[in-house]
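Here the structure comes first, spelled out in structure tokens, and everything after it is commentary.
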Amino acid sequence: MNRLVGLLLCTCFSCSESADNAVHEVVEVSSNWFVDSSEEYGVSIPWISGDSGSFYMPEITGGGAAVFDYDKDGDLDLYIVQGGSFTDNLETTNQLLRNDGDKFTDVSSESNTSDNGYGMGVATGDFDNDGFVDLYISNVGENVLLKNNGDGTFNDVTVDAGVGDDGWGASAAFADFDQDGDLDLYVINYLVWSYGLELTCYNEKGLQDYCSPTNYMAPARDTLYRNNGDGTFTDVSERAGLGSRFGTGLGVLCQDYSGDGLIDIFVANDGMPDQLWLNKGDFTFVDVAPIRGCALDDEGIAKAGMGVTTDDFDFDGDFDIIVCNLTGESDSLYRNDGEFFTDVTAKHGIRTSTRHATRFGLGLVDFDNDGFLDLFEANGRVQQTGSQYSDDPFAEPNHLLKGHAHGWQVVLDDAVQQIATSRGAVFADFNNDGKMDIYVINRDSPSQLLVNVHEDANQYAQLTVSNKNGAPALGAIVRCQVGDKQVTKSVQTAYSYLTANDPRVHVGLGNENKLKNVVVEWIGGTVTEFGDLEAGQHLLQQP
């Protein structure tokens, strides 16, 4: 029996910021939430850092993974990005694992997906509108675009497509920024860095350790590729305005935050102000984060932004943002108030409950289907100051918080709290049972497939929202009524940290048994009404 340690820091969405001093409440719950099934499913694959003792910075920042239905058999397959080594002839390659229901099968070789770059993250999207989802892999060095041929194989089309950015790639995302019907590509670059130019840095104990990005003072410009519609892309980064502000980006979100129907870009920067690139509609962008209140926290501090996620946690019809940060720094929960964002972290129970770990992957996901978004965070230090949990000096337990109407509470779950140096976290319903699972990528130790076994989970609706070509309609917005709540969701895969997630829209129904008045707003402005939908799985196809 797990304990649920409550940090309900307020009783309403407008309560005082002084909630940090609230009393902890302990409640017993009757069921486990997750079980680690990575061995059973054959996915306990570590991200290999190639740790050489020389403290090369990329060794401490990776890695990621993606879920997507590459063979269109109705379940989600898993693509795992692999690291490598800067000093040894260590052969590591990325892996495509086919979901066969009760296990995953490695099909990397036969599918031609075994990229062997020093991998960071991955994005998913059907860039050529053939109905099959493709992969974009970010590396330390040249990135790679793998085209899905629809027959179980992929082709490396990086050179022909013109998307081989050779910086230190981090998170990436496909999105239709110009509403022309094909997916463009945004690629985050972390630092201007190369092997052989590594600095020597020391931690607070005087021991050599991994550097902070501030030691380099070399933030990198991100890259924006416009899809030409013929299988090629054009680098429009400078023309689009990205040269106006460089950052140490790690996490990315592509979402309409202003309500004008255009996809904007939010970038979480490590130790620098975050960016909100407002889409002006002519393929130019302007960073409005400083004037809209989401560049810094409520104390005017630029935190060590890593993972990010977005959803409408307060049911007001627009998309809010949460950024996770370094140990000693709280998360930043930015409530979207229309023309500006308000930092409401302290009001909702996550300021004191998460700051004692370094967080990377994260997701706002309704794991128990009660209608409120829960919060998961994958944790692991970036400097070897010593661990009270493990011989691994970077290892920490992860965080799980249960969502309520007025905030979040910490859940102590044995599977979640296994000790590792965790980085990316992928959120998906791997077994199609209507309960969301988590795949956690761990540095140099077995990764975890946390299968959701919550005994008291409520009913759910799972919506496969597809465009005219039969691929996930990235950027589409779903609006519906669940009981007395107005629910707003988007079709998105690019959130968390270095990962691509389940493209299906998942809605926990709580005590209800249907979605009412379901409407999909497609990219380009058209709207389709689907009426009421019963609990369960549904396909919503663009006309």
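Convention: chains lettered A, B, ... in structure tokens order; per-chain residue numbering from 1; ligands numbered from 1 as shown.
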message: Residues within 9 Å of Asp182 (chain A), please, as a ChimeraX atom specification. Count only C-alpha atoms; anything in the same chain fewer than 5 positions from it doesn't count.
response: /A:126-129,175-177,227-229
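Across the structure, CA of Ser496 (chain A) and CA of Phe360 (chain A) are spaced 7.5 Å apart.
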- request: Just the residues within 6 Å of region 500-515 of chain A, please, counting only C-alpha atoms, with nothing from its chain fewer than 5 positions along; format it as number ranges by chain.
  value: A: 66-67, 123, 369-371, 426-428, 458-464, 481-482, 491-494, 532-535
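Using only C-alpha atoms, the smallest distance between any of A:Gly403, A:Gly167, A:Gly53, A:Gly307 and Gly363 (chain A) comes from A:Gly307.
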query: Using only C-alpha atoms, which of the listed residues (A:Thr105, A:Asn467, A:Ser49, A:Thr234) sits closest to Gly181 (chain A)?
result: A:Asn467
Per-residue DSSP, region 154-311 of chain A, filtered to strand (DSSP E), as number ranges by chain: A: 154-156, 169-175, 184-189, 201-202, 208-209, 223-227, 233-235, 249-255, 264-269, 275-279, 285-287, 308-311
- request: From a DSSP calculation on the backbone, collect every residue of region 303-407 of chain A in helix (DSSP H, G or I) and output the set as a PyMOL selection string.
  value: chain A and resi 346-348+351-354
Those residues you just picked out, can you put them in a file as a PDB file, in the first residue's frame with C-alpha atoms?
```
ATOM      1  CA  ALA A 346       3.331  28.359  -5.358  1.00  0.00           C
ATOM      2  CA  LYS A 347      -0.458  28.347  -5.489  1.00  0.00           C
ATOM      3  CA  HIS A 348      -0.768  24.801  -6.700  1.00  0.00           C
ATOM      4  CA  ARG A 351       7.020  24.808  -5.479  1.00  0.00           C
ATOM      5  CA  THR A 352       8.298  22.956  -2.419  1.00  0.00           C
ATOM      6  CA  SER A 353       7.455  19.419  -3.510  1.00  0.00           C
ATOM      7  CA  THR A 354       9.741  19.190  -6.559  1.00  0.00           C
TER       8      THR A 354
END
```
field: Proximity to Asn189 (chain A) - best of A:Leu146, A:Ile80, A:Leu498, A:Met436, only C-alpha atoms
entry: A:Leu498
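Between CA of Gly119 (chain A) and CA of Val252 (chain A) lies a distance of 17.0 Å.
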message: Applying 10 Å and only C-alpha atoms, which residues near Tyr216 (chain A) remain after dropping the ones on its own chain fewer than 2 positions away? List them as a PyMOL selection string.
response: chain A and resi 191-193+198-199+211-214+218-219
Residues of the last selection are to be written out with N, CA, C and O atoms, as a PDB file, in the first residue's frame.
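After the write, again-v5.pdb holds the following:
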```pdb
ATOM      1  N   LEU A 191      24.366  24.369 -27.122  1.00  0.00           N
ATOM      2  CA  LEU A 191      25.577  25.170 -26.984  1.00  0.00           C
ATOM      3  C   LEU A 191      26.409  25.085 -28.258  1.00  0.00           C
ATOM      4  O   LEU A 191      26.325  24.104 -29.002  1.00  0.00           O
ATOM      5  N   VAL A 192      27.232  26.100 -28.473  1.00  0.00           N
ATOM      6  CA  VAL A 192      28.292  26.000 -29.477  1.00  0.00           C
ATOM      7  C   VAL A 192      29.417  25.223 -28.807  1.00  0.00           C
ATOM      8  O   VAL A 192      30.130  25.747 -27.951  1.00  0.00           O
ATOM      9  N   TRP A 193      29.563  23.956 -29.186  1.00  0.00           N
ATOM     10  CA  TRP A 193      30.460  23.036 -28.470  1.00  0.00           C
ATOM     11  C   TRP A 193      30.994  22.017 -29.461  1.00  0.00           C
ATOM     12  O   TRP A 193      30.309  21.634 -30.408  1.00  0.00           O
ATOM     13  N   GLU A 198      36.441  21.142 -24.813  1.00  0.00           N
ATOM     14  CA  GLU A 198      35.797  21.043 -23.509  1.00  0.00           C
ATOM     15  C   GLU A 198      36.590  21.797 -22.449  1.00  0.00           C
ATOM     16  O   GLU A 198      37.827  21.722 -22.395  1.00  0.00           O
ATOM     17  N   LEU A 199      35.883  22.558 -21.635  1.00  0.00           N
ATOM     18  CA  LEU A 199      36.510  23.252 -20.511  1.00  0.00           C
ATOM     19  C   LEU A 199      36.695  22.291 -19.337  1.00  0.00           C
ATOM     20  O   LEU A 199      36.019  21.264 -19.252  1.00  0.00           O
ATOM     21  N   CYS A 211      30.598  20.798 -16.517  1.00  0.00           N
ATOM     22  CA  CYS A 211      30.471  22.254 -16.508  1.00  0.00           C
ATOM     23  C   CYS A 211      29.011  22.675 -16.538  1.00  0.00           C
ATOM     24  O   CYS A 211      28.119  21.927 -16.947  1.00  0.00           O
ATOM     25  N   SER A 212      28.781  23.893 -16.140  1.00  0.00           N
ATOM     26  CA  SER A 212      27.496  24.565 -16.368  1.00  0.00           C
ATOM     27  C   SER A 212      27.563  25.232 -17.731  1.00  0.00           C
ATOM     28  O   SER A 212      28.646  25.630 -18.195  1.00  0.00           O
ATOM     29  N   PRO A 213      26.435  25.406 -18.405  1.00  0.00           N
ATOM     30  CA  PRO A 213      26.472  26.121 -19.692  1.00  0.00           C
ATOM     31  C   PRO A 213      26.972  27.545 -19.560  1.00  0.00           C
ATOM     32  O   PRO A 213      27.505  28.111 -20.519  1.00  0.00           O
ATOM     33  N   THR A 214      26.841  28.121 -18.359  1.00  0.00           N
ATOM     34  CA  THR A 214      27.320  29.488 -18.164  1.00  0.00           C
ATOM     35  C   THR A 214      28.837  29.575 -18.207  1.00  0.00           C
ATOM     36  O   THR A 214      29.399  30.652 -18.432  1.00  0.00           O
ATOM     37  N   ALA A 218      28.293  30.428 -24.518  1.00  0.00           N
ATOM     38  CA  ALA A 218      28.214  30.159 -25.956  1.00  0.00           C
ATOM     39  C   ALA A 218      26.843  29.607 -26.325  1.00  0.00           C
ATOM     40  O   ALA A 218      26.729  28.508 -26.883  1.00  0.00           O
ATOM     41  N   PRO A 219      25.759  30.340 -26.009  1.00  0.00           N
ATOM     42  CA  PRO A 219      24.438  29.857 -26.417  1.00  0.00           C
ATOM     43  C   PRO A 219      24.343  29.757 -27.929  1.00  0.00           C
ATOM     44  O   PRO A 219      24.969  30.530 -28.659  1.00  0.00           O
TER      45      PRO A 219
END
```
message: Please list as a ChimeraX atom specification every residue within 10 Å of region 525-528 of chain A, counting only C-alpha atoms and excluding residues in the same chain fewer than 6 positions away.
response: /A:179,260-262,476-478,518-519,540-543
Same residues, N, CA, C and O atoms, saved as a PDB file, in the first residue's frame:
```pdb
ATOM      1  N   GLN A 179       0.646  27.151 -42.108  1.00  0.00           N
ATOM      2  CA  GLN A 179      -0.689  26.650 -42.444  1.00  0.00           C
ATOM      3  C   GLN A 179      -0.835  26.320 -43.933  1.00  0.00           C
ATOM      4  O   GLN A 179      -1.895  26.527 -44.522  1.00  0.00           O
ATOM      5  N   ASP A 260      -4.735  32.960 -31.876  1.00  0.00           N
ATOM      6  CA  ASP A 260      -4.965  33.500 -33.215  1.00  0.00           C
ATOM      7  C   ASP A 260      -4.941  32.428 -34.297  1.00  0.00           C
ATOM      8  O   ASP A 260      -5.023  32.732 -35.492  1.00  0.00           O
ATOM      9  N   GLY A 261      -4.834  31.162 -33.897  1.00  0.00           N
ATOM     10  CA  GLY A 261      -4.829  30.071 -34.850  1.00  0.00           C
ATOM     11  C   GLY A 261      -3.471  29.716 -35.400  1.00  0.00           C
ATOM     12  O   GLY A 261      -3.341  28.752 -36.168  1.00  0.00           O
ATOM     13  N   LEU A 262      -2.433  30.461 -35.041  1.00  0.00           N
ATOM     14  CA  LEU A 262      -1.079  30.218 -35.527  1.00  0.00           C
ATOM     15  C   LEU A 262      -0.251  29.534 -34.437  1.00  0.00           C
ATOM     16  O   LEU A 262      -0.370  29.864 -33.250  1.00  0.00           O
ATOM     17  N   ALA A 476      -3.790  20.352 -34.308  1.00  0.00           N
ATOM     18  CA  ALA A 476      -5.248  20.454 -34.204  1.00  0.00           C
ATOM     19  C   ALA A 476      -5.653  20.563 -32.739  1.00  0.00           C
ATOM     20  O   ALA A 476      -4.994  20.018 -31.851  1.00  0.00           O
ATOM     21  N   ILE A 477      -6.754  21.247 -32.483  1.00  0.00           N
ATOM     22  CA  ILE A 477      -7.247  21.450 -31.123  1.00  0.00           C
ATOM     23  C   ILE A 477      -8.610  20.791 -30.974  1.00  0.00           C
ATOM     24  O   ILE A 477      -9.493  20.961 -31.818  1.00  0.00           O
ATOM     25  N   VAL A 478      -8.765  20.021 -29.898  1.00  0.00           N
ATOM     26  CA  VAL A 478     -10.020  19.348 -29.583  1.00  0.00           C
ATOM     27  C   VAL A 478     -10.662  20.056 -28.396  1.00  0.00           C
ATOM     28  O   VAL A 478     -10.010  20.260 -27.365  1.00  0.00           O
ATOM     29  N   VAL A 518     -18.130  17.450 -29.027  1.00  0.00           N
ATOM     30  CA  VAL A 518     -16.734  17.374 -29.435  1.00  0.00           C
ATOM     31  C   VAL A 518     -16.531  18.148 -30.736  1.00  0.00           C
ATOM     32  O   VAL A 518     -17.229  17.923 -31.730  1.00  0.00           O
ATOM     33  N   VAL A 519     -15.571  19.062 -30.721  1.00  0.00           N
ATOM     34  CA  VAL A 519     -15.248  19.889 -31.879  1.00  0.00           C
ATOM     35  C   VAL A 519     -13.738  19.819 -32.107  1.00  0.00           C
ATOM     36  O   VAL A 519     -12.954  19.884 -31.151  1.00  0.00           O
ATOM     37  N   LEU A 540     -11.120  10.347 -35.183  1.00  0.00           N
ATOM     38  CA  LEU A 540     -11.663  11.602 -35.690  1.00  0.00           C
ATOM     39  C   LEU A 540     -10.837  11.995 -36.903  1.00  0.00           C
ATOM     40  O   LEU A 540      -9.695  12.431 -36.781  1.00  0.00           O
ATOM     41  N   GLN A 541     -11.407  11.828 -38.088  1.00  0.00           N
ATOM     42  CA  GLN A 541     -10.696  12.044 -39.336  1.00  0.00           C
ATOM     43  C   GLN A 541     -11.061  13.402 -39.925  1.00  0.00           C
ATOM     44  O   GLN A 541     -12.234  13.782 -39.952  1.00  0.00           O
ATOM     45  N   GLN A 542     -10.051  14.121 -40.410  1.00  0.00           N
ATOM     46  CA  GLN A 542     -10.299  15.394 -41.074  1.00  0.00           C
ATOM     47  C   GLN A 542     -11.036  15.142 -42.397  1.00  0.00           C
ATOM     48  O   GLN A 542     -10.626  14.300 -43.190  1.00  0.00           O
ATOM     49  N   PRO A 543     -12.117  15.865 -42.656  1.00  0.00           N
ATOM     50  CA  PRO A 543     -12.869  15.662 -43.905  1.00  0.00           C
ATOM     51  C   PRO A 543     -12.026  15.988 -45.132  1.00  0.00           C
ATOM     52  O   PRO A 543     -11.156  16.844 -45.089  1.00  0.00           O
TER      53      PRO A 543
END
```
message: From the options A:Ala295, A:Leu96, A:Val288, A:Ala161, which residue's atoms come nearest to Ser109 (chain A), counting only C-alpha atoms?
response: A:Leu96
Skip Glu238 (chain A) itself and residues of its chain fewer than 2 positions away, then list as a PDB file with C-alpha atoms, in the first residue's frame all residues within 12 Å of it, counting only C-alpha atoms.
```pdb
ATOM      1  CA  ARG A 221      20.922  29.766 -32.341  1.00  0.00           C
ATOM      2  CA  ASP A 222      18.080  27.364 -32.995  1.00  0.00           C
ATOM      3  CA  THR A 223      17.227  26.274 -36.532  1.00  0.00           C
ATOM      4  CA  LEU A 224      13.877  26.665 -38.290  1.00  0.00           C
ATOM      5  CA  TYR A 225      13.263  24.735 -41.502  1.00  0.00           C
ATOM      6  CA  ARG A 226      10.395  25.585 -43.829  1.00  0.00           C
ATOM      7  CA  THR A 234      14.779  25.628 -46.504  1.00  0.00           C
ATOM      8  CA  ASP A 235      16.651  27.003 -43.492  1.00  0.00           C
ATOM      9  CA  VAL A 236      14.765  30.237 -42.735  1.00  0.00           C
ATOM     10  CA  ALA A 240      12.292  34.257 -39.388  1.00  0.00           C
ATOM     11  CA  GLY A 241      13.987  36.330 -36.666  1.00  0.00           C
ATOM     12  CA  LEU A 242      15.643  33.632 -34.577  1.00  0.00           C
ATOM     13  CA  GLY A 243      18.963  35.443 -34.803  1.00  0.00           C
ATOM     14  CA  SER A 244      17.612  38.171 -32.518  1.00  0.00           C
ATOM     15  CA  ARG A 245      17.936  36.023 -29.386  1.00  0.00           C
ATOM     16  CA  PHE A 246      20.204  33.034 -28.795  1.00  0.00           C
ATOM     17  CA  PHE A 283       6.912  33.024 -41.255  1.00  0.00           C
ATOM     18  CA  THR A 284       8.525  35.555 -38.949  1.00  0.00           C
ATOM     19  CA  PHE A 285       8.592  35.263 -35.180  1.00  0.00           C
ATOM     20  CA  VAL A 286       9.248  37.640 -32.288  1.00  0.00           C
TER      21      VAL A 286
END
```
What are the closest atom pairs, with distances in Å to one decimal, for all residues of region 83-104 of chain A lying within 10 Å of region 54-61 of chain A? Consider only C-alpha atoms, order rows by chain and residue number, and present the result as JSON lines.
```
{"residue": "A:Gly83", "atom": "CA", "partner": "A:Glu59", "partner_atom": "CA", "distance": 7.9}
{"residue": "A:Gly84", "atom": "CA", "partner": "A:Glu59", "partner_atom": "CA", "distance": 8.7}
{"residue": "A:Ser85", "atom": "CA", "partner": "A:Glu59", "partner_atom": "CA", "distance": 8.3}
{"residue": "A:Phe86", "atom": "CA", "partner": "A:Tyr56", "partner_atom": "CA", "distance": 8.0}
{"residue": "A:Thr87", "atom": "CA", "partner": "A:Ser54", "partner_atom": "CA", "distance": 9.2}
```
Take the residues just selected and output them with N, CA and C atoms as a short mmCIF file (atom, residue, chain, number, x, y, z; two decimals), in the first residue's frame.
```
data_model
loop_
_atom_site.label_atom_id
_atom_site.label_comp_id
_atom_site.auth_asym_id
_atom_site.auth_seq_id
_atom_site.Cartn_x
_atom_site.Cartn_y
_atom_site.Cartn_z
N GLY A 83 23.42 7.14 -27.20
CA GLY A 83 24.55 8.05 -27.10
C GLY A 83 25.78 7.51 -27.81
N GLY A 84 26.82 7.20 -27.06
CA GLY A 84 28.05 6.71 -27.67
C GLY A 84 29.24 7.08 -26.84
N SER A 85 30.33 7.47 -27.49
CA SER A 85 31.55 7.84 -26.78
C SER A 85 32.34 8.83 -27.62
N PHE A 86 32.98 9.76 -26.94
CA PHE A 86 33.85 10.73 -27.62
C PHE A 86 35.31 10.29 -27.61
N THR A 87 35.62 9.23 -26.86
CA THR A 87 37.02 8.84 -26.71
C THR A 87 37.31 7.41 -27.16
#
```
query: Near Lys303 (chain A), within 8 Å and counting only C-alpha atoms, which residues show up once chain neighbours fewer than 6 positions away are dropped, as a VMD selection string?
result: chain A and resid 269 to 273 296 to 297 325 to 326 329
